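Participant: File follows, protein_4.cif with mmCIF, C-alpha atoms and all ligand atoms; chains and numbers go by the auth columns:
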```cif
data_input
loop_
_atom_site.group_PDB
_atom_site.id
_atom_site.type_symbol
_atom_site.label_atom_id
_atom_site.label_comp_id
_atom_site.label_asym_id
_atom_site.label_seq_id
_atom_site.Cartn_x
_atom_site.Cartn_y
_atom_site.Cartn_z
_atom_site.B_iso_or_equiv
_atom_site.auth_seq_id
_atom_site.auth_asym_id
ATOM 1 C CA MET A 1 -11.552 30.708 -37.645 0.00 1 E
ATOM 2 C CA SER A 2 -9.006 28.950 -39.806 0.00 2 E
ATOM 3 C CA ALA A 3 -8.418 31.877 -42.139 0.00 3 E
ATOM 4 C CA PRO A 4 -5.269 33.911 -41.590 0.00 4 E
ATOM 5 C CA SER A 5 -5.723 36.935 -39.396 0.00 5 E
ATOM 6 C CA SER A 6 -6.017 40.255 -41.129 0.00 6 E
ATOM 7 C CA ALA A 7 -2.643 41.177 -39.602 0.00 7 E
ATOM 8 C CA ALA A 8 -1.066 38.160 -41.273 0.00 8 E
ATOM 9 C CA ARG A 9 -2.766 39.014 -44.539 0.00 9 E
ATOM 10 C CA GLU A 10 -1.449 42.531 -44.289 0.00 10 E
ATOM 11 C CA LEU A 11 2.057 41.208 -43.726 0.00 11 E
ATOM 12 C CA TYR A 12 1.808 38.980 -46.778 0.00 12 E
ATOM 13 C CA GLN A 13 0.665 41.909 -48.850 0.00 13 E
ATOM 14 C CA GLN A 14 3.461 44.134 -47.531 0.00 14 E
ATOM 15 C CA VAL A 15 6.131 41.584 -48.426 0.00 15 E
ATOM 16 C CA ILE A 16 4.721 41.009 -51.889 0.00 16 E
ATOM 17 C CA LEU A 17 4.375 44.738 -52.550 0.00 17 E
ATOM 18 C CA ASP A 18 7.929 45.337 -51.364 0.00 18 E
ATOM 19 C CA HIS A 19 9.398 42.682 -53.660 0.00 19 E
ATOM 20 C CA ASN A 20 7.256 43.930 -56.531 0.00 20 E
ATOM 21 C CA ARG A 21 8.470 47.491 -56.036 0.00 21 E
ATOM 22 C CA THR A 22 12.098 46.537 -55.461 0.00 22 E
ATOM 23 C CA PRO A 23 12.730 43.160 -57.064 0.00 23 E
ATOM 24 C CA ARG A 24 15.940 41.480 -55.849 0.00 24 E
ATOM 25 C CA ASN A 25 18.426 40.063 -58.350 0.00 25 E
ATOM 26 C CA TRP A 26 16.766 41.929 -61.195 0.00 26 E
ATOM 27 C CA GLY A 27 18.336 42.227 -64.654 0.00 27 E
ATOM 28 C CA ALA A 28 20.487 40.295 -67.101 0.00 28 E
ATOM 29 C CA LEU A 29 23.183 37.935 -65.871 0.00 29 E
ATOM 30 C CA GLN A 30 26.343 37.694 -67.955 0.00 30 E
ATOM 31 C CA PRO A 31 27.921 35.270 -68.142 0.00 31 E
ATOM 32 C CA HIS A 32 25.430 32.591 -67.260 0.00 32 E
ATOM 33 C CA THR A 33 25.414 28.829 -67.710 0.00 33 E
ATOM 34 C CA HIS A 34 21.653 28.229 -67.833 0.00 34 E
ATOM 35 C CA HIS A 35 18.757 30.273 -69.081 0.00 35 E
ATOM 36 C CA ALA A 36 15.022 29.920 -69.687 0.00 36 E
ATOM 37 C CA GLU A 37 12.005 31.979 -70.582 0.00 37 E
ATOM 38 C CA GLY A 38 8.729 31.447 -68.779 0.00 38 E
ATOM 39 C CA HIS A 39 5.261 32.477 -69.828 0.00 39 E
ATOM 40 C CA ASN A 40 1.917 32.409 -68.052 0.00 40 E
ATOM 41 C CA PRO A 41 -0.582 33.124 -70.832 0.00 41 E
ATOM 42 C CA LEU A 42 -3.504 33.381 -68.425 0.00 42 E
ATOM 43 C CA CYS A 43 -2.068 36.481 -66.796 0.00 43 E
ATOM 44 C CA GLY A 44 0.500 37.649 -69.333 0.00 44 E
ATOM 45 C CA ASP A 45 3.473 37.129 -67.010 0.00 45 E
ATOM 46 C CA ARG A 46 6.697 36.683 -68.944 0.00 46 E
ATOM 47 C CA TYR A 47 10.143 36.323 -67.364 0.00 47 E
ATOM 48 C CA GLU A 48 13.651 35.296 -68.193 0.00 48 E
ATOM 49 C CA VAL A 49 15.663 33.516 -65.541 0.00 49 E
ATOM 50 C CA ALA A 50 19.426 33.212 -65.945 0.00 50 E
ATOM 51 C CA VAL A 51 21.583 31.084 -63.680 0.00 51 E
ATOM 52 C CA ALA A 52 25.328 30.798 -63.268 0.00 52 E
ATOM 53 C CA LEU A 53 26.206 27.415 -61.842 0.00 53 E
ATOM 54 C CA ALA A 54 29.541 27.017 -60.083 0.00 54 E
ATOM 55 C CA ASP A 55 31.855 24.118 -60.904 0.00 55 E
ATOM 56 C CA ASP A 56 30.367 22.122 -58.040 0.00 56 E
ATOM 57 C CA GLY A 57 26.845 22.643 -59.431 0.00 57 E
ATOM 58 C CA SER A 58 25.741 25.114 -56.808 0.00 58 E
ATOM 59 C CA ILE A 59 23.853 28.239 -57.838 0.00 59 E
ATOM 60 C CA ALA A 60 26.583 30.873 -57.836 0.00 60 E
ATOM 61 C CA ASP A 61 24.298 33.588 -59.151 0.00 61 E
ATOM 62 C CA ILE A 62 20.784 34.045 -60.483 0.00 62 E
ATOM 63 C CA ARG A 63 18.957 36.960 -62.026 0.00 63 E
ATOM 64 C CA PHE A 64 15.608 37.524 -63.627 0.00 64 E
ATOM 65 C CA GLN A 65 13.909 40.145 -65.754 0.00 65 E
ATOM 66 C CA GLY A 66 10.661 40.547 -67.603 0.00 66 E
ATOM 67 C CA SER A 67 7.186 41.778 -66.876 0.00 67 E
ATOM 68 C CA GLY A 68 4.116 40.591 -65.113 0.00 68 E
ATOM 69 C CA CYS A 69 1.821 41.058 -62.176 0.00 69 E
ATOM 70 C CA ALA A 70 2.896 41.830 -58.619 0.00 70 E
ATOM 71 C CA ILE A 71 2.550 38.238 -57.458 0.00 71 E
ATOM 72 C CA SER A 72 4.678 36.755 -60.225 0.00 72 E
ATOM 73 C CA LYS A 73 7.352 39.398 -59.852 0.00 73 E
ATOM 74 C CA ALA A 74 7.477 39.091 -56.080 0.00 74 E
ATOM 75 C CA SER A 75 7.575 35.313 -56.369 0.00 75 E
ATOM 76 C CA ALA A 76 10.501 35.478 -58.801 0.00 76 E
ATOM 77 C CA SER A 77 12.310 37.965 -56.588 0.00 77 E
ATOM 78 C CA MET A 78 11.887 35.804 -53.495 0.00 78 E
ATOM 79 C CA MET A 79 12.832 32.691 -55.426 0.00 79 E
ATOM 80 C CA THR A 80 16.161 34.203 -56.436 0.00 80 E
ATOM 81 C CA GLU A 81 16.884 35.080 -52.825 0.00 81 E
ATOM 82 C CA ALA A 82 15.869 31.615 -51.684 0.00 82 E
ATOM 83 C CA VAL A 83 18.032 29.619 -54.102 0.00 83 E
ATOM 84 C CA LYS A 84 21.123 31.805 -54.500 0.00 84 E
ATOM 85 C CA GLY A 85 24.114 29.940 -53.117 0.00 85 E
ATOM 86 C CA LEU A 86 22.260 26.667 -52.752 0.00 86 E
ATOM 87 C CA PRO A 87 23.518 23.368 -54.105 0.00 87 E
ATOM 88 C CA ARG A 88 21.494 22.559 -57.196 0.00 88 E
ATOM 89 C CA ALA A 89 19.761 19.600 -55.543 0.00 89 E
ATOM 90 C CA ASP A 90 18.577 21.855 -52.725 0.00 90 E
ATOM 91 C CA ALA A 91 17.251 24.380 -55.225 0.00 91 E
ATOM 92 C CA ASP A 92 15.321 21.622 -56.995 0.00 92 E
ATOM 93 C CA ARG A 93 13.960 20.434 -53.675 0.00 93 E
ATOM 94 C CA LEU A 94 12.848 23.949 -52.724 0.00 94 E
ATOM 95 C CA GLY A 95 11.096 24.317 -56.073 0.00 95 E
ATOM 96 C CA ASP A 96 9.309 21.015 -55.545 0.00 96 E
ATOM 97 C CA GLN A 97 8.241 22.103 -52.091 0.00 97 E
ATOM 98 C CA CYS A 98 6.949 25.409 -53.353 0.00 98 E
ATOM 99 C CA GLY A 99 5.069 23.642 -56.133 0.00 99 E
ATOM 100 C CA ARG A 100 3.492 21.222 -53.662 0.00 100 E
ATOM 101 C CA LEU A 101 2.627 24.049 -51.324 0.00 101 E
ATOM 102 C CA VAL A 102 0.816 26.138 -53.893 0.00 102 E
ATOM 103 C CA ASP A 103 -0.777 23.007 -55.294 0.00 103 E
ATOM 104 C CA ARG A 104 -2.168 22.229 -51.883 0.00 104 E
ATOM 105 C CA PHE A 105 -3.522 25.729 -51.524 0.00 105 E
ATOM 106 C CA ARG A 106 -5.139 25.425 -54.908 0.00 106 E
ATOM 107 C CA ARG A 107 -6.975 22.270 -53.860 0.00 107 E
ATOM 108 C CA LEU A 108 -8.198 23.723 -50.594 0.00 108 E
ATOM 109 C CA ALA A 109 -11.292 25.768 -50.390 0.00 109 E
ATOM 110 C CA PRO A 110 -10.509 29.306 -49.258 0.00 110 E
ATOM 111 C CA GLY A 111 -10.069 29.501 -45.518 0.00 111 E
ATOM 112 C CA GLU A 112 -9.551 25.789 -44.863 0.00 112 E
ATOM 113 C CA LEU A 113 -5.894 26.171 -44.116 0.00 113 E
ATOM 114 C CA ASP A 114 -4.182 28.356 -41.567 0.00 114 E
ATOM 115 C CA PRO A 115 -0.764 29.252 -42.966 0.00 115 E
ATOM 116 C CA ALA A 116 0.370 30.429 -39.550 0.00 116 E
ATOM 117 C CA ARG A 117 -0.222 27.006 -38.033 0.00 117 E
ATOM 118 C CA ASP A 118 0.693 24.889 -41.008 0.00 118 E
ATOM 119 C CA GLN A 119 4.344 23.988 -40.560 0.00 119 E
ATOM 120 C CA HIS A 120 6.729 23.602 -43.450 0.00 120 E
ATOM 121 C CA ASP A 121 10.239 24.783 -44.129 0.00 121 E
ATOM 122 C CA LEU A 122 9.646 27.255 -46.910 0.00 122 E
ATOM 123 C CA GLY A 123 10.371 30.166 -44.647 0.00 123 E
ATOM 124 C CA LYS A 124 9.628 33.461 -46.259 0.00 124 E
ATOM 125 C CA LEU A 125 7.991 31.811 -49.254 0.00 125 E
ATOM 126 C CA ARG A 126 5.112 31.186 -46.902 0.00 126 E
ATOM 127 C CA VAL A 127 3.871 34.664 -47.753 0.00 127 E
ATOM 128 C CA PHE A 128 2.434 33.082 -50.857 0.00 128 E
ATOM 129 C CA SER A 129 0.039 31.121 -48.736 0.00 129 E
ATOM 130 C CA GLY A 130 -1.914 34.365 -48.916 0.00 130 E
ATOM 131 C CA ILE A 131 -2.774 33.550 -52.506 0.00 131 E
ATOM 132 C CA TRP A 132 -5.469 31.170 -51.369 0.00 132 E
ATOM 133 C CA GLU A 133 -7.591 34.244 -51.703 0.00 133 E
ATOM 134 C CA PHE A 134 -6.687 34.423 -55.371 0.00 134 E
ATOM 135 C CA PRO A 135 -6.770 30.877 -56.743 0.00 135 E
ATOM 136 C CA ALA A 136 -6.272 32.084 -60.308 0.00 136 E
ATOM 137 C CA ARG A 137 -2.952 33.596 -59.218 0.00 137 E
ATOM 138 C CA VAL A 138 -1.373 30.284 -58.255 0.00 138 E
ATOM 139 C CA LYS A 139 0.168 30.053 -61.711 0.00 139 E
ATOM 140 C CA CYS A 140 1.623 33.526 -61.273 0.00 140 E
ATOM 141 C CA ALA A 141 3.367 32.395 -58.089 0.00 141 E
ATOM 142 C CA THR A 142 4.688 29.126 -59.531 0.00 142 E
ATOM 143 C CA LEU A 143 5.782 30.450 -62.952 0.00 143 E
ATOM 144 C CA PRO A 144 9.254 31.554 -61.735 0.00 144 E
ATOM 145 C CA TRP A 145 9.867 28.100 -60.261 0.00 145 E
ATOM 146 C CA HIS A 146 8.821 26.386 -63.487 0.00 146 E
ATOM 147 C CA THR A 147 11.145 28.728 -65.352 0.00 147 E
ATOM 148 C CA LEU A 148 14.069 28.019 -63.032 0.00 148 E
ATOM 149 C CA HIS A 149 13.461 24.301 -63.469 0.00 149 E
ATOM 150 C CA SER A 150 13.450 24.681 -67.260 0.00 150 E
ATOM 151 C CA ALA A 151 16.703 26.609 -67.084 0.00 151 E
ATOM 152 C CA LEU A 152 18.390 23.936 -64.993 0.00 152 E
ATOM 153 C CA ASP A 153 17.123 20.980 -67.022 0.00 153 E
ATOM 154 C CA GLY A 154 18.097 22.674 -70.277 0.00 154 E
ATOM 155 C CA SER A 155 14.691 22.844 -71.950 0.00 155 E
ATOM 156 C CA GLY A 156 14.927 26.627 -71.975 0.00 156 E
ATOM 157 C CA HIS A 157 11.237 27.343 -72.035 0.00 157 E
ATOM 158 C CA ALA A 158 8.432 27.082 -69.507 0.00 158 E
ATOM 159 C CA THR A 159 4.735 27.729 -69.699 0.00 159 E
ATOM 160 C CA THR A 160 2.124 27.295 -67.024 0.00 160 E
ATOM 161 C CA GLU A 161 -0.160 25.701 -69.614 0.00 161 E
ATOM 162 C CA ALA A 162 2.162 22.925 -70.771 0.00 162 E
ATOM 163 C CA GLY A 163 1.176 19.317 -70.427 0.00 163 E
ATOM 164 C CA THR A 164 -1.371 19.618 -67.669 0.00 164 E
ATOM 165 C CA GLY A 165 -4.494 19.955 -69.795 0.00 165 E
ATOM 166 C CA THR A 166 -6.120 21.734 -66.900 0.00 166 E
ATOM 167 C CA LYS A 167 -7.610 25.179 -66.910 0.00 167 E
ATOM 168 C CA GLU A 168 -8.325 27.390 -63.980 0.00 168 E
HETATM 169 ZN ZN ZN B . 0.342 36.999 -62.934 0.00 1 D
#
```
Spell out the structure here as C-alpha cells.

Facilitator:
Amino acid sequence: MSAPSSAARELYQQVILDHNRTPRNWGALQPHTHHAEGHNPLCGDRYEVAVALADDGSIADIRFQGSGCAISKASASMMTEAVKGLPRADADRLGDQCGRLVDRFRRLAPGELDPARDQHDLGKLRVFSGIWEFPARVKCATLPWHTLHSALDGSGHATTEAGTGTKE
C-alpha cells in the first residue's frame, strides 16, 4: 500500500539509467577553485568533483569524473545539475537535505514510506527515494554529496566510511 507504484519505480529506474548512460557535467574542470576525491570502499565508487566558485561564492561551474555503479554516477550527475549556479549556502543546504533524505530512507523499513506522497523540495533528486529497495546503496547515492562538501570545505577527500563507525 505505501510502497511506490511500479510505474513510479520504473520512472526512477529510467532517470537513473539515463544519467548513468549520459552523465551531465562529466570530465575535468580547468580552472577550478575547489576539488575533492570521494571513495565508497563498500561498492568501489570513486569520483573526483571539481568546482569553480565565482567571486560571490556561487557555484559557477562543477564537473565530476571517475568510476562507480549506476546509482553513484547518476547521483553525481544529478547533483551537478542541482547545484550549478547556486549560491554556495544553497548548495550546502541541498546537500544537507539530500543527506537527511537518504538517511531517513535508510532508517525506514522497506515500503514504509511513499515517496510520491512524502513532500520535500528536493525535486528531481527524489528519484533516489527508490533506493529504499537497496539499503546498501545509500552510500552510493550520498558519496557525491560528501565529496562536494569536502571540496567546498577544503579537506579534499571524502569517504563514506569516515568517522561514523557504522557498517551496513
Ligand atoms: Zn555504488

Participant: Could you state which residues are captured by the PyMOL selection byres (((chain E and resi 36-40) around 10) and not hetatm) in this file, as a ChimeraX atom specification?

Facilitator: /E:34-35,41-51,64-68,72,139-140,142-162

Participant: List the neighbours of segment 16-32 of chain E out to 10 Å using all atoms listed in the file; skip same-chain residues closer than 2 positions along the sequence, and give me the result as a VMD selection string.

Facilitator: chain E and resid 10 to 14 34 to 35 48 to 54 60 to 66 68 to 81 84 127 to 128 130

Participant: Just give me the gap between atom CA of Ala82 of chain E and atom CA of Arg137 of chain E in Å, one decimal is fine.

Facilitator: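 Between these atoms lies a distance of 20.4 Å.
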
Participant: State, in Å with one decimal place, the distance from atom CA of Leu86 of chain E to atom CA of Ser58 of chain E.

Facilitator: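 Separating atom CA of Leu86 of chain E from atom CA of Ser58 of chain E is a distance of 5.6 Å.
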
Participant: Would you give the centre and edge lengths, in Å to one decimal, of a box along x, y and z around the listed atoms of segment 62-66 of chain E, with 8 Å added to each side, as JSON?

Facilitator:
```
{"center_x": 15.7, "center_y": 37.3, "center_z": -64.0, "size_x": 26.1, "size_y": 22.5, "size_z": 23.1}
```

Participant: Rank E:Ala91, E:Val83, E:Val138, E:Val15 by their smallest atom-to-atom distance to ligand ZN 1 (chain D), using only C-alpha atoms and all ligand atoms, and report the top residue only.

Facilitator: E:Val138

Participant: Give me, as a list of chain:residue names, all polymer residues having an atom no more than 10 Å from Ala89 of chain E, counting all atoms listed in the file and skipping those fewer than 6 positions away in the same chain.

Facilitator: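 Near Ala89 of chain E, the qualifying residues are E:Gly57, E:Ser58, E:Ile59, E:Gly95.
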
Participant: Given the choices E:Thr33, E:Asp56, E:Ala136, E:Asp92, which gets closest to ligand ZN 1 (chain D) if the distance is worked out from all atoms listed in the file?

Facilitator: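 Checking each of E:Thr33, E:Asp56, E:Ala136, E:Asp92 against ligand ZN 1 (chain D), counting all atoms listed in the file, the winner is E:Ala136.
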